[in-house]
$ cat input02.tsv   # TSV, C-alpha atoms
chain	number	residue	atom	x	y	z
H	17	MET	CA	-12.58	9.69	32.22
H	18	GLU	CA	-13.61	13.28	31.64
H	19	TYR	CA	-16.63	14.97	33.18
H	20	LYS	CA	-19.05	16.36	30.59
H	21	ASP	CA	-20.86	19.57	31.39
H	22	TYR	CA	-24.03	18.88	29.45
H	23	TYR	CA	-25.50	22.27	30.32
H	24	LYS	CA	-22.48	24.07	28.93
H	25	ILE	CA	-22.57	21.91	25.80
H	26	LEU	CA	-26.22	22.83	25.20
H	27	GLY	CA	-25.47	26.48	26.07
H	28	VAL	CA	-28.11	26.66	28.81
H	29	LYS	CA	-28.02	27.49	32.55
H	30	ARG	CA	-28.26	24.68	35.06
H	31	ASN	CA	-31.66	25.95	36.22
H	32	VAL	CA	-33.13	26.02	32.69
H	33	LYS	CA	-36.77	24.91	32.59
H	34	GLN	CA	-37.38	21.52	30.95
H	35	ASP	CA	-39.12	23.13	27.97
H	36	GLY	CA	-36.02	25.24	27.29
H	37	ILE	CA	-33.89	22.17	26.53
H	38	LYS	CA	-35.36	21.24	23.17
H	39	PRO	CA	-35.11	24.69	21.49
H	40	ALA	CA	-31.48	25.01	22.66
H	41	TYR	CA	-30.73	21.56	21.22
H	42	ARG	CA	-32.50	22.21	17.93
H	43	LYS	CA	-30.64	25.47	17.38
H	44	LEU	CA	-27.24	23.87	17.94
H	45	ALA	CA	-28.23	20.73	15.99
H	46	ARG	CA	-28.79	22.92	12.92
H	47	LYS	CA	-25.47	24.64	13.54
H	48	TYR	CA	-23.39	21.50	13.99
H	49	HIS	CA	-25.19	18.93	11.85
H	50	PRO	CA	-22.35	17.37	9.83
H	51	ASP	CA	-24.32	17.67	6.60
H	52	VAL	CA	-24.91	21.41	6.89
H	53	SER	CA	-22.06	22.69	9.07
H	54	SER	CA	-18.81	24.03	7.70
H	55	GLU	CA	-17.06	23.65	11.08
H	56	VAL	CA	-14.09	21.29	10.93
H	57	ASP	CA	-15.05	19.23	13.99
H	58	ALA	CA	-18.83	19.37	13.37
H	59	GLU	CA	-19.23	15.60	13.59
H	60	ASP	CA	-17.69	15.38	17.08
H	61	LYS	CA	-19.60	18.44	18.27
H	62	PHE	CA	-22.85	16.97	16.96
H	63	LYS	CA	-22.23	13.70	18.78
H	64	THR	CA	-21.47	15.49	22.05
H	65	LEU	CA	-24.54	17.64	21.57
H	66	ASN	CA	-26.75	14.59	21.08
H	67	GLU	CA	-25.28	12.99	24.17
H	68	ALA	CA	-26.04	16.12	26.23
H	69	TYR	CA	-29.58	16.23	24.84
H	70	GLU	CA	-30.14	12.54	25.51
H	71	VAL	CA	-29.49	13.19	29.20
H	72	LEU	CA	-31.06	16.60	29.74
H	73	LYS	CA	-34.27	15.99	27.73
H	74	ASP	CA	-35.13	13.11	30.04
H	75	PRO	CA	-36.19	14.48	33.47
H	76	GLU	CA	-35.10	11.28	35.23
H	77	LYS	CA	-31.65	11.25	33.69
H	78	ARG	CA	-31.35	14.97	34.27
H	79	VAL	CA	-32.12	14.63	38.00
H	80	ALA	CA	-29.58	11.81	38.26
H	81	TYR	CA	-26.99	13.88	36.42
H	82	ASP	CA	-27.69	16.89	38.64
H	83	GLN	CA	-27.01	14.72	41.69
H	84	LEU	CA	-23.34	14.65	40.69
H	85	GLY	CA	-23.27	18.27	41.86
H	86	ASN	CA	-22.35	21.43	40.06
H	87	ASN	CA	-18.74	21.80	41.13
H	88	TRP	CA	-17.41	19.88	38.15
H	89	GLU	CA	-15.68	21.55	35.23
H	90	ASN	CA	-16.13	20.31	31.67
H	91	GLY	CA	-13.19	17.99	30.90
H	92	GLN	CA	-12.25	17.47	34.58
H	93	ASP	CA	-11.09	13.99	35.56
H	94	PHE	CA	-14.11	12.08	36.84
H	95	THR	CA	-15.07	8.74	38.36
H	96	SER	CA	-18.69	7.86	39.09
H	97	PRO	CA	-19.74	7.79	42.78
H	98	PRO	CA	-19.42	4.30	44.38
H	99	ASN	CA	-23.15	4.12	45.14
H	100	TRP	CA	-24.19	5.15	41.62
H	101	ASP	CA	-27.01	2.96	40.40
H	102	PRO	CA	-29.68	4.93	38.64
H	103	ASN	CA	-30.88	1.74	36.93
H	104	PHE	CA	-30.92	3.15	33.47
H	105	GLU	CA	-30.91	1.16	30.34
H	106	PHE	CA	-30.12	3.01	27.22
H	107	ASN	CA	-30.21	1.23	23.94
H	108	GLY	CA	-30.35	4.10	21.53
H	109	GLY	CA	-33.40	5.27	19.65
H	110	GLY	CA	-35.51	8.26	20.50
H	111	PHE	CA	-35.43	11.48	18.58
H	112	THR	CA	-31.81	11.32	17.53
H	113	GLU	CA	-31.80	7.54	17.00
H	114	GLN	CA	-28.33	7.65	18.43
H	115	ASN	CA	-26.13	4.66	18.67
H	116	PRO	CA	-25.01	4.56	22.33
H	117	SER	CA	-21.59	3.30	21.33
H	118	ALA	CA	-20.99	6.72	19.80
H	119	PHE	CA	-21.36	8.38	23.20
H	120	SER	CA	-18.55	9.13	25.64
H	121	ASP	CA	-17.22	6.85	28.39
H	122	PHE	CA	-18.72	9.36	30.80
H	123	PHE	CA	-22.22	8.75	29.41
H	124	GLU	CA	-21.69	5.02	29.23
H	125	GLN	CA	-20.59	4.70	32.82
H	126	LEU	CA	-23.49	6.78	34.12
H	127	PHE	CA	-26.39	5.75	31.93
H	128	ALA	CA	-25.70	2.91	29.56
H	129	ARG	CA	-25.77	-0.58	30.99
H	130	ARG	CA	-24.21	-3.05	28.72
H	131	GLN	CA	-26.61	-5.80	27.84
H	132	SER	CA	-25.34	-9.36	27.72
H	133	THR	CA	-27.95	-10.69	25.34
H	134	PHE	CA	-25.58	-13.19	23.85
H	135	GLY	CA	-23.78	-14.16	27.07
H	136	GLY	CA	-24.02	-17.80	28.09
H	137	SER	CA	-26.33	-18.73	25.29
H	138	ASN	CA	-25.60	-21.53	22.90
H	139	GLN	CA	-28.13	-20.17	20.50
H	140	THR	CA	-26.62	-19.16	17.19
H	141	VAL	CA	-27.31	-15.52	16.52
H	142	HIS	CA	-27.61	-14.36	12.96
H	143	HIS	CA	-27.15	-10.79	12.01
H	144	PRO	CA	-28.30	-9.94	8.53
H	145	ALA	CA	-25.93	-8.51	5.98
H	146	GLN	CA	-25.64	-4.76	6.38
H	147	ASP	CA	-23.91	-2.25	4.19
H	148	HIS	CA	-21.44	0.02	5.87
H	149	HIS	CA	-20.33	3.54	4.89
H	150	GLU	CA	-17.05	5.28	5.54
H	151	LYS	CA	-15.57	8.56	4.38
H	152	ILE	CA	-12.05	8.57	3.11
H	153	MET	CA	-9.92	11.73	2.84
H	154	ILE	CA	-7.45	11.90	-0.01
H	155	ASP	CA	-5.19	14.54	-1.50
H	156	LEU	CA	-5.45	15.88	-5.01
H	157	ALA	CA	-2.22	14.07	-5.90
H	158	ASP	CA	-3.82	10.77	-4.80
H	159	SER	CA	-6.53	11.18	-7.42
H	160	ILE	CA	-4.02	12.13	-10.11
H	161	ASN	CA	-1.68	9.23	-9.41
H	162	GLY	CA	-3.92	6.69	-7.66
H	163	THR	CA	-3.03	5.48	-4.17
H	164	ASN	CA	-3.39	2.72	-1.60
H	165	ARG	CA	-5.11	3.16	1.72
H	166	THR	CA	-5.27	1.02	4.83
H	167	LEU	CA	-8.55	1.12	6.70
H	168	THR	CA	-9.03	-0.27	10.18
H	169	LEU	CA	-12.60	-1.22	10.99
H	170	GLN	CA	-14.17	-3.08	13.88
H	171	LYS	CA	-16.32	-5.88	12.57
H	172	PRO	CA	-18.74	-7.82	14.80
H	173	TYR	CA	-18.88	-11.60	14.57
H	174	VAL	CA	-20.43	-14.46	16.55
H	175	ASN	CA	-18.15	-17.17	17.88
H	176	GLU	CA	-18.98	-20.86	18.30
H	177	GLN	CA	-20.47	-20.26	21.75
H	178	GLY	CA	-22.86	-17.69	20.33
H	179	HIS	CA	-21.01	-14.75	21.87
H	180	MET	CA	-20.95	-11.51	19.98
H	181	LEU	CA	-17.35	-10.32	19.60
H	182	THR	CA	-15.57	-7.78	17.49
H	183	LYS	CA	-12.45	-8.25	15.47
H	184	LEU	CA	-10.14	-5.77	13.87
H	185	HIS	CA	-10.55	-5.78	10.16
H	186	ILE	CA	-7.65	-4.20	8.32
H	187	LEU	CA	-8.32	-3.53	4.66
H	188	ASN	CA	-5.70	-2.59	2.11
H	189	VAL	CA	-7.66	-0.75	-0.53
H	190	LYS	CA	-6.50	0.55	-3.87
H	191	ILE	CA	-7.93	3.97	-4.63
H	192	PRO	CA	-8.00	4.14	-8.41
H	193	LYS	CA	-6.61	7.01	-10.41
H	194	GLY	CA	-9.11	9.75	-11.25
H	195	VAL	CA	-11.61	9.41	-8.40
H	196	THR	CA	-13.57	12.60	-7.81
H	197	GLN	CA	-15.05	14.43	-4.82
H	198	GLY	CA	-18.11	12.62	-3.43
H	199	GLN	CA	-17.61	9.52	-5.55
H	200	GLN	CA	-18.46	6.16	-3.97
H	201	ILE	CA	-16.25	3.11	-4.09
H	202	ARG	CA	-18.05	-0.16	-3.45
H	203	LEU	CA	-16.18	-3.03	-1.81
H	204	LYS	CA	-18.32	-6.11	-2.09
H	205	GLY	CA	-18.66	-8.29	1.00
H	206	GLN	CA	-16.68	-5.98	3.31
H	207	GLY	CA	-19.65	-4.54	5.24
H	208	ALA	CA	-21.26	-5.90	8.40
H	209	GLY	CA	-23.07	-9.20	8.91
H	210	THR	CA	-22.48	-12.41	10.77
H	211	THR	CA	-24.39	-14.96	8.78
H	212	GLY	CA	-21.49	-15.79	6.54
H	213	HIS	CA	-22.84	-13.32	4.05
H	214	SER	CA	-21.60	-9.81	4.70
H	215	GLY	CA	-22.95	-6.58	3.30
H	216	ASP	CA	-20.88	-4.19	1.22
H	217	LEU	CA	-18.59	-1.39	2.29
H	218	TYR	CA	-18.99	1.97	0.57
H	219	LEU	CA	-16.16	4.49	0.71
H	220	GLU	CA	-17.07	8.10	-0.05
H	221	ILE	CA	-14.16	10.07	-1.45
H	222	GLN	CA	-13.51	13.47	0.10
H	223	PHE	CA	-10.65	15.70	-1.03
H	224	ASN	CA	-8.51	17.52	1.49
H	225	PRO	CA	-8.67	21.23	0.61
H	226	HIS	CA	-5.81	22.30	-1.62
H	227	PRO	CA	-4.18	25.73	-1.15
H	228	LEU	CA	-3.84	26.35	-4.91
H	229	TYR	CA	-6.36	24.31	-6.84
H	230	ARG	CA	-10.13	24.53	-6.83
H	231	ILE	CA	-11.75	21.34	-8.07
H	232	LYS	CA	-15.07	20.91	-9.84
H	233	GLU	CA	-15.73	17.32	-10.80
H	234	ARG	CA	-12.70	16.60	-13.02
H	235	ASP	CA	-11.78	20.22	-13.77
H	236	MET	CA	-9.16	22.07	-11.77
H	237	GLU	CA	-8.74	25.83	-11.58
H	238	PHE	CA	-5.93	27.96	-10.19
H	239	ASP	CA	-4.97	31.64	-10.09
H	240	LEU	CA	-2.12	32.50	-12.45
H	241	SER	CA	-0.41	35.77	-11.58
H	242	ILE	CA	1.00	37.68	-14.56
H	243	THR	CA	2.68	41.06	-15.10
H	244	PRO	CA	0.95	43.90	-17.00
H	245	TRP	CA	3.42	43.51	-19.91
H	246	GLU	CA	2.80	39.75	-20.12
H	247	ALA	CA	-0.92	40.51	-20.26
H	248	ALA	CA	-0.54	43.27	-22.85
H	249	LEU	CA	2.10	41.80	-25.11
H	250	GLY	CA	1.38	38.10	-24.66
H	251	ALA	CA	3.87	35.60	-23.30
H	252	THR	CA	4.62	31.94	-22.82
H	253	ILE	CA	4.87	31.07	-19.15
H	254	ARG	CA	6.36	27.93	-17.64
H	255	ALA	CA	4.09	26.76	-14.83
H	256	PRO	CA	4.41	23.74	-12.55
H	257	THR	CA	1.12	21.82	-12.34
H	258	PRO	CA	0.20	18.58	-10.56
H	259	SER	CA	0.62	16.69	-13.82
H	260	GLY	CA	4.01	18.20	-14.65
H	261	THR	CA	5.48	21.50	-15.82
H	262	ILE	CA	3.71	22.99	-18.80
H	263	ASP	CA	3.99	26.02	-21.06
H	264	ILE	CA	0.97	28.30	-20.91
H	265	LYS	CA	0.51	30.73	-23.76
H	266	ILE	CA	-0.92	34.09	-22.70
H	267	PRO	CA	-2.53	35.80	-25.70
H	268	PRO	CA	-1.80	39.54	-26.21
H	269	ASN	CA	-4.25	41.94	-24.54
H	270	SER	CA	-5.33	39.44	-21.91
H	271	THR	CA	-7.23	40.79	-18.92
H	272	THR	CA	-7.63	39.90	-15.28
H	273	ASP	CA	-10.18	37.11	-14.58
H	274	GLN	CA	-9.79	35.78	-18.09
H	275	LYS	CA	-9.72	31.99	-18.03
H	276	LEU	CA	-7.32	29.93	-20.11
H	277	ARG	CA	-8.10	26.28	-20.65
H	278	ILE	CA	-5.31	23.73	-20.69
H	279	LYS	CA	-7.00	20.76	-22.28
H	280	GLY	CA	-6.93	17.37	-20.56
H	281	ARG	CA	-4.66	18.47	-17.69
H	282	GLY	CA	-7.32	18.16	-14.98
H	283	LEU	CA	-8.13	14.97	-13.10
H	284	PRO	CA	-7.64	11.83	-15.18
H	285	SER	CA	-10.57	9.69	-16.24
H	286	PRO	CA	-10.63	5.94	-16.94
H	287	ASP	CA	-11.86	6.95	-20.37
H	288	LYS	CA	-8.95	9.20	-21.38
H	289	THR	CA	-11.07	11.24	-23.76
H	290	LYS	CA	-13.00	12.45	-20.71
H	291	ASN	CA	-10.02	13.77	-18.73
H	292	GLY	CA	-10.78	16.99	-16.88
H	293	HIS	CA	-9.29	20.33	-17.94
H	294	LEU	CA	-7.00	22.68	-16.08
H	295	TYR	CA	-8.09	26.32	-16.01
H	296	ALA	CA	-5.69	29.19	-15.34
H	297	LEU	CA	-7.51	32.25	-14.01
H	298	LEU	CA	-5.39	35.26	-14.96
H	299	LYS	CA	-4.59	37.80	-12.24
H	300	ILE	CA	-2.62	40.84	-13.34
H	301	ARG	CA	-0.25	42.04	-10.62
H	302	THR	CA	1.20	45.54	-10.89
H	303	PRO	CA	4.75	46.19	-9.70
H	304	PRO	CA	4.98	48.97	-7.06
H	305	ALA	CA	6.43	52.33	-8.06
H	306	THR	CA	9.43	52.23	-5.73
H	307	GLY	CA	11.74	54.80	-7.35
H	308	GLN	CA	12.04	57.67	-9.78
H	309	ARG	CA	12.46	55.39	-12.85
H	310	GLU	CA	9.43	53.25	-11.98
H	311	GLU	CA	7.32	56.35	-11.36
H	312	ASP	CA	8.44	57.82	-14.70
H	313	CYS	CA	7.50	54.57	-16.38
H	314	TYR	CA	3.96	54.73	-14.94
H	315	ARG	CA	3.67	58.44	-15.87
H	316	ASN	CA	4.77	57.56	-19.39
H	317	MET	CA	2.06	54.88	-19.57
H	318	ARG	CA	-0.52	57.36	-18.32
H	319	ASP	CA	0.45	59.90	-20.98
H	320	THR	CA	0.80	57.36	-23.79
H	321	MET	CA	-2.27	55.24	-23.18
H	322	PRO	CA	-5.36	57.16	-22.10
H	323	PHE	CA	-7.38	54.41	-20.48
H	324	ASN	CA	-10.56	54.62	-18.40
H	325	PRO	CA	-11.29	51.35	-16.54
H	326	ARG	CA	-14.35	52.95	-14.89
H	327	LYS	CA	-16.43	53.61	-17.99
H	328	ASN	CA	-19.28	51.59	-16.59
H	329	LEU	CA	-19.71	53.93	-13.57
H	330	ARG	CA	-22.39	56.59	-13.92
H	331	ALA	CA	-23.35	59.53	-11.75
H	332	SER	CA	-27.06	58.77	-11.98
H	333	LEU	CA	-28.69	55.42	-11.31
P	15	MET	CA	-9.00	-9.03	19.83
P	16	THR	CA	-8.44	-11.00	16.64
P	17	THR	CA	-7.28	-9.19	13.58
P	18	SER	CA	-7.76	-9.97	9.93
P	19	ILE	CA	-5.82	-8.29	7.17
P	20	ILE	CA	-7.40	-8.29	3.74
P	21	ASP	CA	-6.09	-7.02	0.43
P	22	ILE	CA	-9.00	-5.80	-1.59
P	23	LYS	CA	-8.67	-6.85	-5.16
P	24	GLU	CA	-12.08	-5.81	-6.41
P	25	SER	CA	-13.36	-2.29	-5.90
P	26	ILE	CA	-16.01	-0.68	-8.03
P	27	VAL	CA	-16.09	3.08	-8.55
P	28	LEU	CA	-19.74	3.99	-8.90
P	29	ASP	CA	-20.70	6.53	-11.57
P	30	GLU	CA	-18.02	5.18	-13.87
P	31	GLY	CA	-19.82	2.28	-15.41
P	32	GLY	CA	-20.73	0.95	-11.95
P	33	SER	CA	-24.29	1.38	-10.69
P	34	LEU	CA	-26.68	-0.28	-8.24
P	35	THR	CA	-29.95	-2.11	-8.72
P	36	LEU	CA	-32.99	-1.03	-6.71
P	37	SER	CA	-32.46	-3.70	-4.04
P	38	GLU	CA	-28.72	-2.98	-3.77
P	39	PHE	CA	-29.50	0.72	-3.50
P	40	CYS	CA	-32.14	0.16	-0.80
P	41	ARG	CA	-29.70	-1.92	1.23
P	42	ALA	CA	-26.88	0.60	0.75
P	43	CYS	CA	-29.06	3.43	2.07
P	44	ASN	CA	-31.03	1.29	4.55
P	45	ILE	CA	-34.38	2.34	3.07
P	46	HIS	CA	-37.50	0.73	1.59
P	47	ALA	CA	-38.37	0.82	-2.09
P	48	GLU	CA	-41.48	2.93	-1.31
P	49	TYR	CA	-39.21	5.63	0.05
P	50	VAL	CA	-37.27	5.63	-3.24
P	51	THR	CA	-40.51	6.54	-5.01
P	52	GLU	CA	-41.05	9.39	-2.55
P	53	LEU	CA	-37.50	10.65	-3.21
P	54	ILE	CA	-38.18	10.55	-6.96
P	55	ASN	CA	-41.50	12.38	-6.55
P	56	GLU	CA	-39.73	15.06	-4.52
P	57	GLY	CA	-37.04	15.46	-7.18
P	58	ILE	CA	-34.24	14.31	-4.85
P	59	LEU	CA	-33.56	11.43	-7.22
P	60	ASP	CA	-34.01	11.51	-10.97
P	61	ALA	CA	-36.99	9.67	-12.39
P	62	GLN	CA	-36.26	6.14	-13.60
P	63	THR	CA	-37.53	4.48	-16.72
P	64	GLY	CA	-38.43	0.88	-17.45
P	65	LYS	CA	-39.31	-1.96	-15.08
P	66	LEU	CA	-38.24	-1.89	-11.42
P	67	THR	CA	-35.57	-4.48	-12.19
P	68	GLU	CA	-34.06	-2.11	-14.75
P	69	TRP	CA	-33.75	0.85	-12.36
P	70	ARG	CA	-30.13	1.90	-11.76
P	71	PHE	CA	-28.64	4.18	-9.11
P	72	THR	CA	-25.32	6.00	-9.02
P	73	GLY	CA	-22.98	7.11	-6.23
P	74	ILE	CA	-24.55	10.59	-6.26
P	75	CYS	CA	-27.94	8.95	-5.53
P	76	ILE	CA	-26.43	7.30	-2.44
P	77	ARG	CA	-24.99	10.59	-1.20
P	78	ARG	CA	-28.21	12.58	-1.74
P	79	THR	CA	-30.41	9.89	-0.22
P	80	ARG	CA	-28.24	9.40	2.86
P	81	THR	CA	-28.07	13.16	3.43
P	82	ALA	CA	-31.85	13.46	3.05
P	83	THR	CA	-32.51	10.65	5.55
P	84	ARG	CA	-30.05	12.15	8.05
P	85	LEU	CA	-31.67	15.59	7.74
P	86	GLN	CA	-35.10	14.08	8.29
P	87	ARG	CA	-33.95	12.02	11.26
P	88	ASP	CA	-31.69	14.53	13.00
P	89	LEU	CA	-33.30	17.89	12.24
P	90	ARG	CA	-36.89	16.72	11.83
P	91	VAL	CA	-37.33	18.38	8.45
P	92	ASN	CA	-39.91	16.82	6.15
P	93	LEU	CA	-39.05	15.52	2.70
P	94	PRO	CA	-39.72	18.78	0.77
P	95	GLY	CA	-37.60	20.55	3.42
P	96	ALA	CA	-34.80	18.01	3.00
P	97	ALA	CA	-34.96	18.51	-0.79
P	98	LEU	CA	-34.65	22.27	-0.32
P	99	VAL	CA	-31.71	21.90	2.10
P	100	LEU	CA	-29.98	19.56	-0.35
P	101	GLU	CA	-30.34	22.08	-3.18
P	102	LEU	CA	-29.06	24.91	-0.99
P	103	LEU	CA	-26.11	22.79	0.20
P	104	GLU	CA	-25.20	22.01	-3.40
P	105	GLU	CA	-25.49	25.70	-4.30
P	106	ILE	CA	-23.18	26.62	-1.38
P	107	GLU	CA	-20.74	23.96	-2.52
P	108	ARG	CA	-20.84	25.35	-6.07
P	109	LEU	CA	-20.25	28.92	-4.86
P	110	ARG	CA	-17.37	27.83	-2.62
P	111	ARG	CA	-15.63	26.26	-5.56
P	112	GLN	CA	-15.73	29.49	-7.57
$ encode --input "input02.tsv" --output "structure tokens"
Amino acid sequence: MEYKDYYKILGVKRNVKQDGIKPAYRKLARKYHPDVSSEVDAEDKFKTLNEAYEVLKDPEKRVAYDQLGNNWENGQDFTSPPNWDPNFEFNGGGFTEQNPSAFSDFFEQLFARRQSTFGGSNQTVHHPAQDHHEKIMIDLADSINGTNRTLTLQKPYVNEQGHMLTKLHILNVKIPKGVTQGQQIRLKGQGAGTTGHSGDLYLEIQFNPHPLYRIKERDMEFDLSITPWEAALGATIRAPTPSGTIDIKIPPNSTTDQKLRIKGRGLPSPDKTKNGHLYALLKIRTPPATGQREEDCYRNMRDTMPFNPRKNLRASL
Amino acid sequence: MTTSIIDIKESIVLDEGGSLTLSEFCRACNIHAEYVTELINEGILDAQTGKLTEWRFTGICIRRTRTATRLQRDLRVNLPGAALVLELLEEIERLRRQ
């Protein structure tokens, strides 16, 4: 089990006054809140932050935590002292409404006493149906072709003796072709609940970032590099795309940042007439003048085609 | 620990013909119907027409509502604040995609 340096996590000194805890927490909560943060591991950081706040905001827990001493390093191997019995019961709630099961083993061993509400009782315990939400990461290709995913969830249930237990629930789910970013897939009866009637499971689709394609709903856009002569004279370019190799026709006198639409080659839709489009954003790349002939070619262009790309600039505002 | 393996035959993609009734939506987001009215008044959800039993909610409604409730709970913003954050987040998302 790893020691957690809650002060370090909150970014405060060990001798910080009690009223300095909340502002430090709030500032970092805004930074790492999974809904607003762009950090990759925001969710884990936010959980750790809430755990640190749960301990340090409470003077009693803070005193108990401080008793462990200040010679520990964050992440150092730790076992709780043999005489540790601060008599805490933590069942979640409070400002962050945190579920204690989301906290670390370190927190659990020090502050969270497991309650045995169901232990030894023959009383049947009913838990109402509850819907459950999960995020599922897929690649662009998964949406284009459809895919299957295996999800492993822990589902609580009550056995014949009235004990609350968990079982592993492995779901093989078909992700249909053409799902889009943020879309919800509803799986009826696969949520939580122990009364024989379970809630539903909702899967929110999230796309892994793609190095080439930018996705907006069902439309996909990518940068298409072309030469100055392809732009000026027009050309037909063979380009590999996720839905196969296609010919893209560049009209003569095309310019950089011009967008070409390739109809229906975006993400598929169950209603085929609503397939997304693929957009090629033209980017003209100029070859370097690496020798006498190339330089002469550019000089020839300069002399043949007087061209001022900076017409819009003016000396006065 | 016991393990159960289930092949899901029936999955419904919301927003593509699939939508939720008011009670299904409330259960999905763990909220009361009164709160749905507040979300509509704040512009977080689009206004509904017809009787309560005819109200329908899409996957986007679930995402916006769950984000709004998390922002209220975790960052202590009020509902107008959550609506503003949601709009700004969607604007950032739009700009990132450009």
$ residues_around --input "input02.tsv" --residues "Arg84 in chain P" --least-positions-apart "3" --cutoff "10 Å" --atoms "all atoms listed in the file" --output "list of chain:residue names"
H:His49, H:Pro50, H:Asp51, H:Thr112, P:Arg78, P:Thr79, P:Arg80, P:Thr81, P:Arg87, P:Asp88, P:Leu89, P:Arg90, P:Val91, P:Ala96
$ residues_around --input "input02.tsv" --residues "Thr252 in chain H" --least-positions-apart "5" --cutoff "10 Å" --atoms "all atoms listed in the file" --output "list of chain:residue names"
H:Glu246, H:Ile262, H:Asp263, H:Ile264, H:Lys265, H:Ile266, H:Pro267
$ interface_residues --input "input02.tsv" --of "chain H" --to "chain P" --cutoff "7 Å" --atoms "all atoms listed in the file" --output "PyMOL selection string"
chain H and resi 45-46+51-52+112+147+183-189+199-203+230-232
$ atom_distance --input "input02.tsv" --atom1 "CA of His226 in chain H" --atom2 "CA of Cys75 in chain P"
26.1 Å
$ atom_distance --input "input02.tsv" --atom1 "CA of Ala247 in chain H" --atom2 "CA of Thr271 in chain H"
6.5 Å
$ atom_distance --input "input02.tsv" --atom1 "CA of Gly280 in chain H" --atom2 "CA of Thr163 in chain H"
20.6 Å
$ closest_residue --input "input02.tsv" --among "H:Thr261, H:Lys193, H:Pro227, H:Lys20" --to "Lys288 in chain H" --atoms "only C-alpha atoms"
H:Lys193
$ residues_around --input "input02.tsv" --residues "Arg277 in chain H" --least-positions-apart "5" --cutoff "7 Å" --atoms "all atoms listed in the file" --output "VMD selection string"
chain H and resid 293 to 296
$ closest_residue --input "input02.tsv" --among "P:Glu105, P:Thr35, P:Leu98, P:Thr51" --to "Phe71 in chain P" --atoms "all atoms listed in the file"
P:Thr35
$ residues_around --input "input02.tsv" --residues "Asp158 in chain H" --least-positions-apart "4" --cutoff "9 Å" --atoms "only C-alpha atoms" --output "PyMOL selection string"
chain H and resi 154+162-164+191-195
